[in-house]
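Participant: Mind having a look at this structure? Questions to follow.
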Amino acid sequence: METEVHFRENQEFDQPWLWGLLGLRAVGDLLALARGKRSARETVGRLATLGAVALLFRVATLRTEVRDDGVYVNFAPFHRSDKRVPFADLTDVQATGYSPLRYGGWGIRWSPSGIAYTVSGRSGVRFERTGGKSVFVGSDRPDELVGAVQEATEKTV
């Protein structure tokens, strides 16, 4: 039996400021080479590292799905398989804001109270779990995500 997907969202690192910073760094390295302040070998190493970082940002994708049996999160390429939060483990679900300064930026963030998966923006959904640990998932459509969880849990009751 196939599981119904009530909500799906894919997010990528597509912030112009991020790509601008990476581009400025590359230009700075090339200017240092042209001015003789850095060797060709060191410049190639720096540009290769910068290229690897850019490639990682380019392929990183946060996929969130609400299915009949829970919320699934996959942060490619860091997760080899989906992380599932079963509905039975949830005590509360709420749309909320996200402060990248408070949590140290975007990406996968751990804290004593839980884990956060974010790619961009300042909004998402906090899933409070029975063990006291929360899961925060960044979303550009947090109200739809909460609504899909409510719809899916009502079907299972």
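Chains: A, B, ... in order of the structure tokens. Residues: from 1 per chain. Ligands: from 1, in order shown.
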Once DSSP has gone over the backbone, tell me which residues of chain A are in strand (DSSP E or B), as a ChimeraX atom specification.
Facilitator: /A:5-12,61-67,70-76,83-86,90-97,107-111,114-118,123-129,134-138
Participant: If we count only C-alpha atoms, what is near range 145-149 of chain A at a cut-off of 9 Å, once residues fewer than 5 positions away on the same chain are taken out, given as a PyMOL selection string?
Facilitator: chain A and resi 6-9+64-68+70-71+87+93-95+124-125+139+154
Participant: Between CA of Phe13 in chain A and CA of Val53 in chain A, measure the distance and give it in Å to one decimal.
Facilitator: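 Result for CA of Phe13 in chain A versus CA of Val53 in chain A: 11.9 Å, one decimal.
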Participant: What does the distance from CA of Gly97 in chain A to CA of Val119 in chain A come to in Å, to one decimal?
Facilitator: 13.5 Å
Participant: Taking 2 positions as the minimum chain separation for residues in the same chain, which residues sit within 9 Å of range 128-138 of chain A when counting only C-alpha atoms? Answer as an MDAnalysis selection string.
Facilitator: chainID A and resid 11 62 64 73 85 88:94 97:98 112:126 140:142
